[in-house]
Amino acid sequence: GAGVSQSPSNKVTEKGKDVELRCDPISGHTALYWYRQSLGQGLEFLIYFQGNSAPDKSGLPSDRFSAERTGGSVSTLTIQRTQQEDSAVYLCASSSRQGQETQYFGPGTRLLVL
Amino acid sequence: GEDVEQSLFLSVREGDSSVINCTYTDSSSTYLYWYKQEPGAGLQLLTYIFSNMDMKQDQRLTVLLNKKDKHLSLRIADTQTGDSAIYFCAVPSGTYKYIFGTGTRLKVLA
């Protein structure tokens, strides 16, 4: 596709369950970001991938959060033992190369933890 | 750490101009961005300005940058109901990160 896609678009889960969120960046984009947007808040940086370099995980809020990027393309954000405070919109963005290039965002995954 | 502030709400009448403000504490010397988020959607790139510019005009949009005061603004001329959305400024931090503001919710009254 032409843009960044994310799946699922909505996810409802029970507290304590694990969830996986998927991001398909724009083809050829080497940089990929995950953000979290809580109700009424700005975007909180979670993790950054650039090519084959080690990711910047400095924004991950706890060790329950992890992310992978396979083959330099698709990325999966995993939240283990979900908590109610994990409820938010998780946004993925990609950009064409390293550095402060324009980020293109996906539509987000709305996660609700009951 | 870096901080980016925006007012939370702005209400204008259709046809008036809207001005959305953004203040920041620090910025790298590259691009500063404005994004628009419509309900239930991701962020859509609206416009940007390079840090060595004071002003950029793009159709109904005017971006002003005051580096001395660390102030960025977005002016929308002839605001329409379709402009109702949340607007985020994004300020560079380091070599690849951006700090996003909290977003300004613009409501356009018919």
# chains A, B, ... in the order shown; residues from 1 in each chain; ligands from 1
>>> residues_around(residues="Ser11 in chain B", least_positions_apart="5", cutoff="6 Å", atoms="only C-alpha atoms", output="list in words")
Leu106, Lys107 and Val108 of chain B
>>> write_last_selection(atoms="all heavy atoms", output="PDB file, in the first residue's frame")
ATOM      1  N   LEU B 106      -9.026  22.282  17.668  1.00  0.00           N
ATOM      2  CA  LEU B 106      -9.668  23.404  16.990  1.00  0.00           C
ATOM      3  C   LEU B 106     -11.119  23.050  16.673  1.00  0.00           C
ATOM      4  O   LEU B 106     -11.390  22.026  16.046  1.00  0.00           O
ATOM      5  CB  LEU B 106      -8.927  23.742  15.693  1.00  0.00           C
ATOM      6  CG  LEU B 106      -9.576  24.806  14.792  1.00  0.00           C
ATOM      7  CD1 LEU B 106      -9.592  26.165  15.488  1.00  0.00           C
ATOM      8  CD2 LEU B 106      -8.846  24.906  13.457  1.00  0.00           C
ATOM      9  N   LYS B 107     -12.005  23.895  17.131  1.00  0.00           N
ATOM     10  CA  LYS B 107     -13.425  23.715  16.827  1.00  0.00           C
ATOM     11  C   LYS B 107     -13.876  24.911  15.993  1.00  0.00           C
ATOM     12  O   LYS B 107     -13.697  26.067  16.402  1.00  0.00           O
ATOM     13  CB  LYS B 107     -14.249  23.630  18.106  1.00  0.00           C
ATOM     14  CG  LYS B 107     -15.730  23.379  17.854  1.00  0.00           C
ATOM     15  CD  LYS B 107     -16.475  23.145  19.158  1.00  0.00           C
ATOM     16  CE  LYS B 107     -17.939  22.846  18.906  1.00  0.00           C
ATOM     17  NZ  LYS B 107     -18.677  22.599  20.156  1.00  0.00           N
ATOM     18  N   VAL B 108     -14.442  24.623  14.834  1.00  0.00           N
ATOM     19  CA  VAL B 108     -14.907  25.674  13.940  1.00  0.00           C
ATOM     20  C   VAL B 108     -16.428  25.722  13.994  1.00  0.00           C
ATOM     21  O   VAL B 108     -17.102  24.722  13.695  1.00  0.00           O
ATOM     22  CB  VAL B 108     -14.427  25.434  12.498  1.00  0.00           C
ATOM     23  CG1 VAL B 108     -14.875  26.574  11.592  1.00  0.00           C
ATOM     24  CG2 VAL B 108     -12.917  25.276  12.448  1.00  0.00           C
TER      25      VAL B 108
END
>>> interface_residues(of="chain A", to="chain B", cutoff="9 Å", atoms="only C-alpha atoms", output="list in words")
Gly40, Gln41, Gly42, Leu43, Glu44, Phe45, Tyr48, Leu91, Cys92, Gln98, Gly99, Gln100, Glu101, Thr102, Gln103, Tyr104, Phe105, Gly106, Pro107, Gly108 and Arg110 of chain A
>>> residues_around(residues="range 23-25 of chain A", least_positions_apart="4", cutoff="8 Å", atoms="only C-alpha atoms", output="PyMOL selection string")
chain A and resi 3-7+29+32+73-76+92-94+106
>>> select_by_dssp(residues="chain B", states="strand (DSSP E)", output="ChimeraX atom specification")
/B:4-6,9-13,18-24,31-37,43-50,55-58,61-66,71-76,85-93,97-100,104-109
>>> write_last_selection(atoms="C-alpha atoms", output="PDB file, in the first residue's frame")
ATOM      1  CA  VAL B   4       6.717  21.536  23.928  1.00  0.00           C
ATOM      2  CA  GLU B   5       3.588  23.391  25.004  1.00  0.00           C
ATOM      3  CA  GLN B   6       0.339  24.111  23.209  1.00  0.00           C
ATOM      4  CA  PHE B   9      -8.536  24.345  22.878  1.00  0.00           C
ATOM      5  CA  LEU B  10      -9.346  26.967  20.262  1.00  0.00           C
ATOM      6  CA  SER B  11     -12.766  27.899  18.973  1.00  0.00           C
ATOM      7  CA  VAL B  12     -13.324  30.128  15.930  1.00  0.00           C
ATOM      8  CA  ARG B  13     -16.156  31.020  13.611  1.00  0.00           C
ATOM      9  CA  SER B  18      -7.218  30.576  13.424  1.00  0.00           C
ATOM     10  CA  VAL B  19      -3.861  30.906  15.107  1.00  0.00           C
ATOM     11  CA  ILE B  20      -2.438  27.894  16.918  1.00  0.00           C
ATOM     12  CA  ASN B  21       0.633  28.494  19.039  1.00  0.00           C
ATOM     13  CA  CYS B  22       3.471  26.259  20.153  1.00  0.00           C
ATOM     14  CA  THR B  23       6.347  27.068  22.496  1.00  0.00           C
ATOM     15  CA  TYR B  24       9.374  24.890  23.072  1.00  0.00           C
ATOM     16  CA  TYR B  31      12.608  21.042  10.369  1.00  0.00           C
ATOM     17  CA  LEU B  32       9.682  21.859  12.638  1.00  0.00           C
ATOM     18  CA  TYR B  33       6.347  20.303  11.728  1.00  0.00           C
ATOM     19  CA  TRP B  34       2.627  20.762  12.059  1.00  0.00           C
ATOM     20  CA  TYR B  35       0.389  17.712  11.965  1.00  0.00           C
ATOM     21  CA  LYS B  36      -3.396  17.430  11.866  1.00  0.00           C
ATOM     22  CA  GLN B  37      -5.354  14.614  13.497  1.00  0.00           C
ATOM     23  CA  LEU B  43      -1.529  12.174  12.241  1.00  0.00           C
ATOM     24  CA  GLN B  44      -1.478  13.784   8.814  1.00  0.00           C
ATOM     25  CA  LEU B  45       1.442  15.997   7.849  1.00  0.00           C
ATOM     26  CA  LEU B  46       0.150  19.513   7.304  1.00  0.00           C
ATOM     27  CA  THR B  47       3.197  21.654   6.731  1.00  0.00           C
ATOM     28  CA  TYR B  48       6.716  22.277   7.969  1.00  0.00           C
ATOM     29  CA  ILE B  49       9.325  25.004   8.214  1.00  0.00           C
ATOM     30  CA  PHE B  50      13.092  24.805   8.179  1.00  0.00           C
ATOM     31  CA  MET B  55       7.871  32.365   7.717  1.00  0.00           C
ATOM     32  CA  LYS B  56       6.417  29.910   5.256  1.00  0.00           C
ATOM     33  CA  GLN B  57       3.142  30.273   3.397  1.00  0.00           C
ATOM     34  CA  ASP B  58       1.297  27.354   1.847  1.00  0.00           C
ATOM     35  CA  LEU B  61      -1.574  28.028   5.951  1.00  0.00           C
ATOM     36  CA  THR B  62       1.102  30.361   7.298  1.00  0.00           C
ATOM     37  CA  VAL B  63       3.812  29.135   9.632  1.00  0.00           C
ATOM     38  CA  LEU B  64       5.764  31.639  11.696  1.00  0.00           C
ATOM     39  CA  LEU B  65       8.932  30.746  13.570  1.00  0.00           C
ATOM     40  CA  ASN B  66      10.533  32.975  16.196  1.00  0.00           C
ATOM     41  CA  HIS B  71       7.752  30.132  19.434  1.00  0.00           C
ATOM     42  CA  LEU B  72       6.088  28.462  16.473  1.00  0.00           C
ATOM     43  CA  SER B  73       2.635  29.309  15.175  1.00  0.00           C
ATOM     44  CA  LEU B  74       0.231  28.049  12.544  1.00  0.00           C
ATOM     45  CA  ARG B  75      -2.279  30.425  11.011  1.00  0.00           C
ATOM     46  CA  ILE B  76      -5.211  29.052   9.038  1.00  0.00           C
ATOM     47  CA  ALA B  85      -9.310  18.643  14.283  1.00  0.00           C
ATOM     48  CA  ILE B  86      -6.427  18.385  16.731  1.00  0.00           C
ATOM     49  CA  TYR B  87      -3.238  20.124  15.620  1.00  0.00           C
ATOM     50  CA  PHE B  88       0.182  19.016  16.863  1.00  0.00           C
ATOM     51  CA  CYS B  89       3.486  20.792  16.544  1.00  0.00           C
ATOM     52  CA  ALA B  90       6.611  18.623  16.442  1.00  0.00           C
ATOM     53  CA  VAL B  91      10.034  19.968  17.389  1.00  0.00           C
ATOM     54  CA  PRO B  92      13.284  18.101  16.634  1.00  0.00           C
ATOM     55  CA  SER B  93      15.293  16.720  19.523  1.00  0.00           C
ATOM     56  CA  LYS B  97      13.636  12.225  17.606  1.00  0.00           C
ATOM     57  CA  TYR B  98      10.781  14.665  17.658  1.00  0.00           C
ATOM     58  CA  ILE B  99       8.979  16.009  20.689  1.00  0.00           C
ATOM     59  CA  PHE B 100       5.283  16.497  20.041  1.00  0.00           C
ATOM     60  CA  THR B 104      -4.666  21.953  20.213  1.00  0.00           C
ATOM     61  CA  ARG B 105      -8.236  20.972  19.544  1.00  0.00           C
ATOM     62  CA  LEU B 106      -9.668  23.404  16.990  1.00  0.00           C
ATOM     63  CA  LYS B 107     -13.425  23.715  16.827  1.00  0.00           C
ATOM     64  CA  VAL B 108     -14.907  25.674  13.940  1.00  0.00           C
ATOM     65  CA  LEU B 109     -18.384  27.063  14.509  1.00  0.00           C
TER      66      LEU B 109
END
>>> atom_distance(atom1="CA of Ser38 in chain A", atom2="CA of Ala2 in chain A")
26.9 Å
>>> atom_distance(atom1="CA of Thr13 in chain A", atom2="CA of Val113 in chain A")
5.0 Å
>>> residues_around(residues="Val19 in chain A", least_positions_apart="5", cutoff="7 Å", atoms="only C-alpha atoms", output="list in words")
Thr78, Ile79 and Gln80 of chain A
>>> closest_residue(among="B:Asp26, B:Asp54, B:Glu14, B:Glu38", to="Thr79 in chain B", atoms="only C-alpha atoms")
B:Glu14
>>> atom_distance(atom1="CA of Gly71 in chain A", atom2="CA of Ile47 in chain A")
16.8 Å
>>> residues_around(residues="Ser58 in chain A", least_positions_apart="3", cutoff="12 Å", atoms="only C-alpha atoms", output="list in words")
Tyr33, Trp34, Tyr35, Glu44, Phe45, Leu46, Ile47, Tyr48, Phe49, Ala54, Pro55, Pro61, Ser62, Asp63, Phe65, Ser66 and Ala67 of chain A; Lys97 of chain B
>>> write_last_selection(atoms="N, CA, C and O atoms", output="mmCIF file, in the first residue's frame")
data_model
loop_
_atom_site.group_PDB
_atom_site.id
_atom_site.type_symbol
_atom_site.label_atom_id
_atom_site.label_comp_id
_atom_site.auth_asym_id
_atom_site.auth_seq_id
_atom_site.Cartn_x
_atom_site.Cartn_y
_atom_site.Cartn_z
ATOM 1 N N TYR A 33 9.070 4.375 13.904
ATOM 2 C CA TYR A 33 8.826 4.860 15.266
ATOM 3 C C TYR A 33 7.513 4.268 15.788
ATOM 4 O O TYR A 33 6.554 4.118 15.026
ATOM 5 N N TRP A 34 7.487 4.030 17.085
ATOM 6 C CA TRP A 34 6.237 3.744 17.800
ATOM 7 C C TRP A 34 6.013 4.850 18.817
ATOM 8 O O TRP A 34 6.961 5.249 19.525
ATOM 9 N N TYR A 35 4.746 5.291 18.903
ATOM 10 C CA TYR A 35 4.334 6.295 19.874
ATOM 11 C C TYR A 35 3.084 5.793 20.591
ATOM 12 O O TYR A 35 2.329 4.981 20.064
ATOM 13 N N GLU A 44 3.711 10.185 23.034
ATOM 14 C CA GLU A 44 4.822 9.740 23.870
ATOM 15 C C GLU A 44 5.688 8.783 23.049
ATOM 16 O O GLU A 44 5.213 7.743 22.588
ATOM 17 N N PHE A 45 6.933 9.132 22.858
ATOM 18 C CA PHE A 45 7.867 8.299 22.105
ATOM 19 C C PHE A 45 8.107 6.980 22.832
ATOM 20 O O PHE A 45 8.348 6.977 24.049
ATOM 21 N N LEU A 46 8.038 5.879 22.116
ATOM 22 C CA LEU A 46 8.296 4.573 22.718
ATOM 23 C C LEU A 46 9.612 3.969 22.232
ATOM 24 O O LEU A 46 10.479 3.621 23.036
ATOM 25 N N ILE A 47 9.762 3.821 20.901
ATOM 26 C CA ILE A 47 10.922 3.114 20.371
ATOM 27 C C ILE A 47 11.179 3.553 18.936
ATOM 28 O O ILE A 47 10.256 3.975 18.234
ATOM 29 N N TYR A 48 12.457 3.481 18.522
ATOM 30 C CA TYR A 48 12.876 3.895 17.181
ATOM 31 C C TYR A 48 13.763 2.822 16.590
ATOM 32 O O TYR A 48 14.698 2.338 17.245
ATOM 33 N N PHE A 49 13.460 2.444 15.345
ATOM 34 C CA PHE A 49 14.280 1.501 14.582
ATOM 35 C C PHE A 49 14.861 2.237 13.373
ATOM 36 O O PHE A 49 14.179 3.007 12.713
ATOM 37 N N ALA A 54 20.943 -1.050 16.220
ATOM 38 C CA ALA A 54 20.243 -1.361 17.462
ATOM 39 C C ALA A 54 19.167 -0.309 17.711
ATOM 40 O O ALA A 54 19.411 0.888 17.543
ATOM 41 N N PRO A 55 17.961 -0.724 18.089
ATOM 42 C CA PRO A 55 16.882 0.248 18.286
ATOM 43 C C PRO A 55 17.094 1.112 19.519
ATOM 44 O O PRO A 55 17.782 0.717 20.459
ATOM 45 N N PRO A 61 7.934 2.235 28.481
ATOM 46 C CA PRO A 61 7.608 2.593 29.867
ATOM 47 C C PRO A 61 7.931 1.515 30.896
ATOM 48 O O PRO A 61 8.078 1.838 32.078
ATOM 49 N N SER A 62 8.006 0.281 30.484
ATOM 50 C CA SER A 62 8.340 -0.797 31.443
ATOM 51 C C SER A 62 8.833 -2.008 30.668
ATOM 52 O O SER A 62 8.755 -2.046 29.435
ATOM 53 N N ASP A 63 9.322 -2.998 31.398
ATOM 54 C CA ASP A 63 9.831 -4.198 30.723
ATOM 55 C C ASP A 63 8.705 -5.086 30.207
ATOM 56 O O ASP A 63 8.965 -6.126 29.607
ATOM 57 N N PHE A 65 6.853 -3.995 27.916
ATOM 58 C CA PHE A 65 6.780 -3.550 26.526
ATOM 59 C C PHE A 65 8.032 -3.996 25.771
ATOM 60 O O PHE A 65 9.160 -3.840 26.270
ATOM 61 N N SER A 66 7.834 -4.522 24.575
ATOM 62 C CA SER A 66 8.962 -4.867 23.714
ATOM 63 C C SER A 66 8.537 -4.685 22.267
ATOM 64 O O SER A 66 7.334 -4.642 21.953
ATOM 65 N N ALA A 67 9.500 -4.562 21.386
ATOM 66 C CA ALA A 67 9.187 -4.403 19.963
ATOM 67 C C ALA A 67 10.267 -5.058 19.139
ATOM 68 O O ALA A 67 11.441 -5.120 19.546
ATOM 69 N N LYS B 97 14.879 12.183 16.840
ATOM 70 C CA LYS B 97 13.636 12.225 17.606
ATOM 71 C C LYS B 97 12.902 13.531 17.392
ATOM 72 O O LYS B 97 13.513 14.565 17.057
#
